[in-house]
Structure formats: C-alpha cells, structure tokens
Amino acid sequence: MDTPADDWTGRYLAELKTQRQLSGHTIAAYGRDLAELARLANLPGQADWPTLTHFDIRRFAAKLHAEGQSAASIARKLSGWRGFFDWLSRQLPLAANPADGVRAPRRPKRLPKALAVDDAVQLMEKTRPGHAEPAELCDRAMFELLYSSGLRVSELTGLDVHHVPARDGQPASLGWLELEAQEVVVTGKGNKMRRVPVGGPARAALAAWLAVRPPARDGSAALFLSTRDTRISPRVVQNRLKIHAQKAGMPVHVHPHVLRHSFASHLLQSSGDLRAVQELLGHASITSTQIYTSLDFQHLAAVYDKAHPRAKRK
C-alpha cells in the first residue's frame, strides 16, 4: 500500500530506510520523536507542518525541559526535528527550518568525584604493611605519588628513574623523578612540561620501591614496572588501584583520576589558592580548575549543615 502524499513523516521515515539504510531501531526512534513533536504542536493534520515557527520549536524544547527530560534527550530530538524539516524543505516551500538555531538546555556540569579526606588517608594507610613484596612496594609508591602530586595516570606511567637524554634515535625522557629535589618533572597535555612537588610519604614509598626495583627488561629507565619488568601501562595501574581500593573498603569506585581530583580538592580546601592548584595540575586555563571550587563549596556546605545550630534539619 502506497504512503499518502501528505503523510510527510511516513514518507520521511521510508526514505531514511531506503536511501540512508538506517536500522529499524533508529527509524523507530525518529518516528517517536516526530510523533512527540506532533503532540506538542497539536497539529490537526500532516499538511500543517509548514505552519510551525522557530518560536514554536523553542517553546516545545522548553516544555520538554519542564517535563523533566534530560538535556541530552532534548538535544537528540532537536537534531531529529532539524533533519526532518531539512528534508521537508525539499518537498514543500518553507520560509526557514524552524528548528535551526534552537539549542537544548545546558547539560549540568558533572563534578569530578573526589574522596573525602578521611577516605583518602585510609586508602593511603592501607598501603603500609610491615613487610611487602616488590609489587606491593611498587603499588604503594604509585598510589602515594598519584595522591601526593595529582598526576594524570599517563604522566605517572611515563616517568623515568632519572632524566635520559635523546640518543641513538630514541627520544628523551618525557618525565622523570628528582628525589633529592623532592620533585617530579612531567610532560602534560599540549607537551607542556611542569615540576610538581612530592610529599614526604610519597618520597618514602618511592625510596622503598627504588631499593628493590629490578632493571627493566627492555633496558629503559622506566620508574614503575609491571610484573614482566617492563614499563607499566595505565590500564594495569587502574586495575591495581581498583583492587586495592576494594580491599581498603572504599565506598566508591576509585581510579587514578579520582586521586587526581582528590589531590586538587583537598589542596584547595586547605590553601584556597586556585592559581597554585592550576599550576600543579597543569591546566592551561583557570576555567578547568574552577570546577574544584564547586567541590570545595560542597564540603563547606556539608560542614555548615552539620555544625551550624540554625542549619540543623528537623
């Protein structure tokens, strides 16, 4: 049976199937989104699609937001509506695509996850057994350094025991340890090199690991090694930290970036120096660092709610 000439949504979906060869699930999703648009517009018939205006689409997007639909869902629907009106403009004379320029509500900025100070201390203390195998000493040094210096996991795994200059066609070190100077030198995003202090517990853990660290099998100067005595990979660090955190009874999933967030949040809580935290994290823009002020405010708000006599909830 042929699709009626004025059944514009049916013809559009049919073309998506035959011309663009989209999957049945995708076409069904487009159909639902167009049906929702028809509901919002309360169109008496298919022939009334050209009557919709830019302001109508903006109003519909606002209504979806008021109904509790997510920004991502509204953005997807706007994209689908825009594609439909682009197609319709080739079938009928339209003054303009009414969905052009209509934006979905801003997605709420997801705050990075950071451990509470007590949880971070518990996680680090759990890495201090009386006797430890070399692999445990390596883990302890890695975890302490991640939290002490706020390194990215790629920066951690790229560290060498010392600076190695370029030679024999091999590149120079991208990062290295300077234990006597109590620093690590790392190369972050945009190939920007920075120096980051290393705290006392991390220095002690590094010294313990260096005392038992075997030579790297490939002859490199890699600081942290896998069980095969080759440079450790970010994936292995993630897995080891995950297992360690579970054993330590952490209430949340812990990965290396959680320790970086915790470093930044806890340092900001103590110092209030946003610029210093920016430098230590290697952020090119202060905007990237300002997210931690939200975490700091959450901490202060929790303290207020717990401690202020007029803030206690009944």
# chains A, B, ... in the order shown; residues from 1 in each chain; ligands from 1
>>> residues_around(residues="range 133-145 of chain A", least_positions_apart="5", cutoff="10 Å", atoms="only C-alpha atoms", output="number ranges by chain")
A: 123-128, 150-151, 153, 156-157, 184, 197-214, 223-227, 237, 240-241, 244, 256, 259-260
>>> select_by_dssp(residues="range 106-258 of chain A", states="strand (DSSP E or B)", output="PyMOL selection string")
chain A and resi 159-160+167+170+175-178+183-187+193-197+222+225+231
>>> closest_residue(among="A:Tyr147, A:Thr9, A:Ser154, A:Ala71", to="Phe85 in chain A", atoms="only C-alpha atoms")
A:Thr9
>>> select_by_dssp(residues="range 157-253 of chain A", states="helix (DSSP H, G or I)", output="number ranges by chain")
A: 157, 189-191, 200-212, 234-247
>>> write_last_selection(atoms="N, CA and C atoms", output="PDB file, in the first residue's frame")
ATOM      1  N   THR A 157      52.855   6.847  34.440  1.00  0.00           N
ATOM      2  CA  THR A 157      53.479   5.702  33.772  1.00  0.00           C
ATOM      3  C   THR A 157      54.614   6.133  32.839  1.00  0.00           C
ATOM      4  N   LYS A 189      49.433  17.681  28.926  1.00  0.00           N
ATOM      5  CA  LYS A 189      48.739  17.967  27.674  1.00  0.00           C
ATOM      6  C   LYS A 189      49.369  19.170  26.980  1.00  0.00           C
ATOM      7  N   GLY A 190      49.362  19.119  25.652  1.00  0.00           N
ATOM      8  CA  GLY A 190      49.972  20.200  24.885  1.00  0.00           C
ATOM      9  C   GLY A 190      51.483  20.204  24.985  1.00  0.00           C
ATOM     10  N   ASN A 191      52.071  19.056  25.422  1.00  0.00           N
ATOM     11  CA  ASN A 191      53.527  18.936  25.574  1.00  0.00           C
ATOM     12  C   ASN A 191      54.100  19.992  26.509  1.00  0.00           C
ATOM     13  N   GLY A 200      56.231  13.967  51.628  1.00  0.00           N
ATOM     14  CA  GLY A 200      57.072  13.072  52.415  1.00  0.00           C
ATOM     15  C   GLY A 200      56.689  11.608  52.329  1.00  0.00           C
ATOM     16  N   PRO A 201      55.420  11.224  52.561  1.00  0.00           N
ATOM     17  CA  PRO A 201      55.043   9.811  52.453  1.00  0.00           C
ATOM     18  C   PRO A 201      55.318   9.228  51.065  1.00  0.00           C
ATOM     19  N   ALA A 202      55.091  10.019  50.031  1.00  0.00           N
ATOM     20  CA  ALA A 202      55.359   9.537  48.676  1.00  0.00           C
ATOM     21  C   ALA A 202      56.853   9.343  48.459  1.00  0.00           C
ATOM     22  N   ARG A 203      57.674  10.258  49.003  1.00  0.00           N
ATOM     23  CA  ARG A 203      59.132  10.107  48.851  1.00  0.00           C
ATOM     24  C   ARG A 203      59.617   8.848  49.559  1.00  0.00           C
ATOM     25  N   ALA A 204      59.069   8.575  50.732  1.00  0.00           N
ATOM     26  CA  ALA A 204      59.452   7.365  51.466  1.00  0.00           C
ATOM     27  C   ALA A 204      59.050   6.114  50.691  1.00  0.00           C
ATOM     28  N   ALA A 205      57.847   6.137  50.112  1.00  0.00           N
ATOM     29  CA  ALA A 205      57.378   4.984  49.345  1.00  0.00           C
ATOM     30  C   ALA A 205      58.221   4.794  48.088  1.00  0.00           C
ATOM     31  N   LEU A 206      58.606   5.883  47.448  1.00  0.00           N
ATOM     32  CA  LEU A 206      59.449   5.794  46.262  1.00  0.00           C
ATOM     33  C   LEU A 206      60.829   5.237  46.595  1.00  0.00           C
ATOM     34  N   ALA A 207      61.390   5.700  47.714  1.00  0.00           N
ATOM     35  CA  ALA A 207      62.708   5.194  48.121  1.00  0.00           C
ATOM     36  C   ALA A 207      62.654   3.695  48.393  1.00  0.00           C
ATOM     37  N   ALA A 208      61.576   3.232  49.040  1.00  0.00           N
ATOM     38  CA  ALA A 208      61.430   1.800  49.335  1.00  0.00           C
ATOM     39  C   ALA A 208      61.314   0.996  48.043  1.00  0.00           C
ATOM     40  N   TRP A 209      60.597   1.535  47.061  1.00  0.00           N
ATOM     41  CA  TRP A 209      60.449   0.834  45.785  1.00  0.00           C
ATOM     42  C   TRP A 209      61.761   0.829  45.020  1.00  0.00           C
ATOM     43  N   LEU A 210      62.462   1.954  44.989  1.00  0.00           N
ATOM     44  CA  LEU A 210      63.722   2.017  44.248  1.00  0.00           C
ATOM     45  C   LEU A 210      64.765   1.065  44.822  1.00  0.00           C
ATOM     46  N   ALA A 211      64.653   0.772  46.116  1.00  0.00           N
ATOM     47  CA  ALA A 211      65.623  -0.132  46.754  1.00  0.00           C
ATOM     48  C   ALA A 211      65.483  -1.568  46.255  1.00  0.00           C
ATOM     49  N   VAL A 212      64.298  -1.917  45.741  1.00  0.00           N
ATOM     50  CA  VAL A 212      64.085  -3.297  45.281  1.00  0.00           C
ATOM     51  C   VAL A 212      63.754  -3.359  43.789  1.00  0.00           C
ATOM     52  N   PRO A 234      48.963   2.303  31.801  1.00  0.00           N
ATOM     53  CA  PRO A 234      47.867   2.934  32.558  1.00  0.00           C
ATOM     54  C   PRO A 234      46.784   1.943  32.941  1.00  0.00           C
ATOM     55  N   ARG A 235      46.493   0.988  32.061  1.00  0.00           N
ATOM     56  CA  ARG A 235      45.449   0.011  32.356  1.00  0.00           C
ATOM     57  C   ARG A 235      45.798  -0.830  33.570  1.00  0.00           C
ATOM     58  N   VAL A 236      47.040  -1.235  33.682  1.00  0.00           N
ATOM     59  CA  VAL A 236      47.461  -2.040  34.831  1.00  0.00           C
ATOM     60  C   VAL A 236      47.363  -1.224  36.115  1.00  0.00           C
ATOM     61  N   VAL A 237      47.758   0.045  36.056  1.00  0.00           N
ATOM     62  CA  VAL A 237      47.645   0.917  37.231  1.00  0.00           C
ATOM     63  C   VAL A 237      46.185   1.026  37.654  1.00  0.00           C
ATOM     64  N   GLN A 238      45.286   1.220  36.696  1.00  0.00           N
ATOM     65  CA  GLN A 238      43.858   1.315  37.002  1.00  0.00           C
ATOM     66  C   GLN A 238      43.361   0.061  37.700  1.00  0.00           C
ATOM     67  N   ASN A 239      43.731  -1.106  37.176  1.00  0.00           N
ATOM     68  CA  ASN A 239      43.266  -2.360  37.762  1.00  0.00           C
ATOM     69  C   ASN A 239      43.819  -2.577  39.165  1.00  0.00           C
ATOM     70  N   ARG A 240      45.097  -2.261  39.347  1.00  0.00           N
ATOM     71  CA  ARG A 240      45.699  -2.453  40.669  1.00  0.00           C
ATOM     72  C   ARG A 240      45.075  -1.520  41.706  1.00  0.00           C
ATOM     73  N   LEU A 241      44.823  -0.274  41.310  1.00  0.00           N
ATOM     74  CA  LEU A 241      44.213   0.676  42.238  1.00  0.00           C
ATOM     75  C   LEU A 241      42.787   0.268  42.574  1.00  0.00           C
ATOM     76  N   LYS A 242      42.060  -0.219  41.583  1.00  0.00           N
ATOM     77  CA  LYS A 242      40.691  -0.664  41.813  1.00  0.00           C
ATOM     78  C   LYS A 242      40.649  -1.787  42.846  1.00  0.00           C
ATOM     79  N   ILE A 243      41.522  -2.766  42.684  1.00  0.00           N
ATOM     80  CA  ILE A 243      41.570  -3.901  43.618  1.00  0.00           C
ATOM     81  C   ILE A 243      41.988  -3.433  45.002  1.00  0.00           C
ATOM     82  N   HIS A 244      42.984  -2.561  45.048  1.00  0.00           N
ATOM     83  CA  HIS A 244      43.460  -2.053  46.337  1.00  0.00           C
ATOM     84  C   HIS A 244      42.363  -1.286  47.072  1.00  0.00           C
ATOM     85  N   ALA A 245      41.627  -0.466  46.347  1.00  0.00           N
ATOM     86  CA  ALA A 245      40.557   0.325  46.962  1.00  0.00           C
ATOM     87  C   ALA A 245      39.452  -0.569  47.495  1.00  0.00           C
ATOM     88  N   GLN A 246      39.147  -1.634  46.776  1.00  0.00           N
ATOM     89  CA  GLN A 246      38.129  -2.571  47.238  1.00  0.00           C
ATOM     90  C   GLN A 246      38.575  -3.244  48.535  1.00  0.00           C
ATOM     91  N   LYS A 247      39.836  -3.625  48.605  1.00  0.00           N
ATOM     92  CA  LYS A 247      40.368  -4.245  49.822  1.00  0.00           C
ATOM     93  C   LYS A 247      40.376  -3.263  50.986  1.00  0.00           C
TER      94      LYS A 247
END
>>> residues_around(residues="Val102 in chain A", least_positions_apart="6", cutoff="12 Å", atoms="only C-alpha atoms", output="short mmCIF file (atom, residue, chain, number, x, y, z; two decimals) with N, CA, C and O atoms, in the first residue's frame")
data_model
loop_
_atom_site.label_atom_id
_atom_site.label_comp_id
_atom_site.auth_asym_id
_atom_site.auth_seq_id
_atom_site.Cartn_x
_atom_site.Cartn_y
_atom_site.Cartn_z
N THR A 53 6.87 27.47 13.60
CA THR A 53 7.89 28.53 13.54
C THR A 53 9.03 28.23 14.49
O THR A 53 8.96 27.33 15.34
N HIS A 54 10.08 29.02 14.34
CA HIS A 54 11.23 28.93 15.23
C HIS A 54 10.81 29.08 16.70
O HIS A 54 11.29 28.35 17.58
N PHE A 55 9.89 30.00 16.97
CA PHE A 55 9.46 30.23 18.35
C PHE A 55 8.65 29.06 18.89
O PHE A 55 8.69 28.76 20.08
N ASP A 56 7.92 28.37 18.00
CA ASP A 56 7.20 27.16 18.42
C ASP A 56 8.18 26.10 18.89
O ASP A 56 8.00 25.48 19.95
N ILE A 57 9.23 25.87 18.11
CA ILE A 57 10.21 24.83 18.45
C ILE A 57 10.91 25.19 19.76
O ILE A 57 11.14 24.32 20.62
N ARG A 58 11.25 26.47 19.95
CA ARG A 58 11.86 26.88 21.22
C ARG A 58 10.92 26.61 22.38
O ARG A 58 11.34 26.13 23.44
N ARG A 59 9.64 26.89 22.18
CA ARG A 59 8.65 26.67 23.25
C ARG A 59 8.51 25.18 23.55
O ARG A 59 8.41 24.78 24.71
N PHE A 60 8.55 24.36 22.50
CA PHE A 60 8.43 22.91 22.71
C PHE A 60 9.64 22.37 23.47
O PHE A 60 9.51 21.51 24.36
N ALA A 61 10.82 22.85 23.12
CA ALA A 61 12.04 22.41 23.82
C ALA A 61 11.98 22.79 25.29
O ALA A 61 12.35 22.00 26.18
N ALA A 62 11.46 24.01 25.57
CA ALA A 62 11.33 24.45 26.96
C ALA A 62 10.31 23.58 27.70
O ALA A 62 10.49 23.26 28.88
N ILE A 74 16.69 16.05 24.85
CA ILE A 74 16.13 17.17 24.10
C ILE A 74 17.03 17.52 22.91
O ILE A 74 16.55 17.80 21.81
N ALA A 75 18.33 17.47 23.12
CA ALA A 75 19.26 17.76 22.02
C ALA A 75 19.10 16.75 20.90
O ALA A 75 19.14 17.11 19.70
N ARG A 76 18.91 15.49 21.24
CA ARG A 76 18.71 14.46 20.22
C ARG A 76 17.44 14.71 19.43
O ARG A 76 17.41 14.60 18.21
N LYS A 77 16.37 15.08 20.15
CA LYS A 77 15.09 15.34 19.46
C LYS A 77 15.19 16.56 18.56
O LYS A 77 14.67 16.55 17.43
N LEU A 78 15.84 17.60 19.01
CA LEU A 78 16.02 18.78 18.17
C LEU A 78 16.79 18.44 16.90
O LEU A 78 16.48 18.94 15.81
N SER A 79 17.79 17.59 17.03
CA SER A 79 18.57 17.17 15.87
C SER A 79 17.68 16.41 14.88
O SER A 79 17.75 16.63 13.66
N TRP A 81 14.37 16.63 14.63
CA TRP A 81 13.39 17.56 14.04
C TRP A 81 14.05 18.41 12.94
O TRP A 81 13.46 18.66 11.91
N ARG A 82 15.29 18.82 13.21
CA ARG A 82 16.01 19.65 12.24
C ARG A 82 16.21 18.88 10.93
O ARG A 82 16.04 19.43 9.83
#
>>> closest_residue(among="A:Asp119, A:Glu279, A:Asp218, A:Asp160", to="Arg194 in chain A", atoms="only C-alpha atoms")
A:Glu279
>>> atom_distance(atom1="CA of Gln182 in chain A", atom2="CA of Asp273 in chain A")
21.0 Å
>>> residues_around(residues="Val185 in chain A", least_positions_apart="4", cutoff="6 Å", atoms="only C-alpha atoms", output="list in words")
Gly175, Trp176, Arg194 and Arg195 of chain A
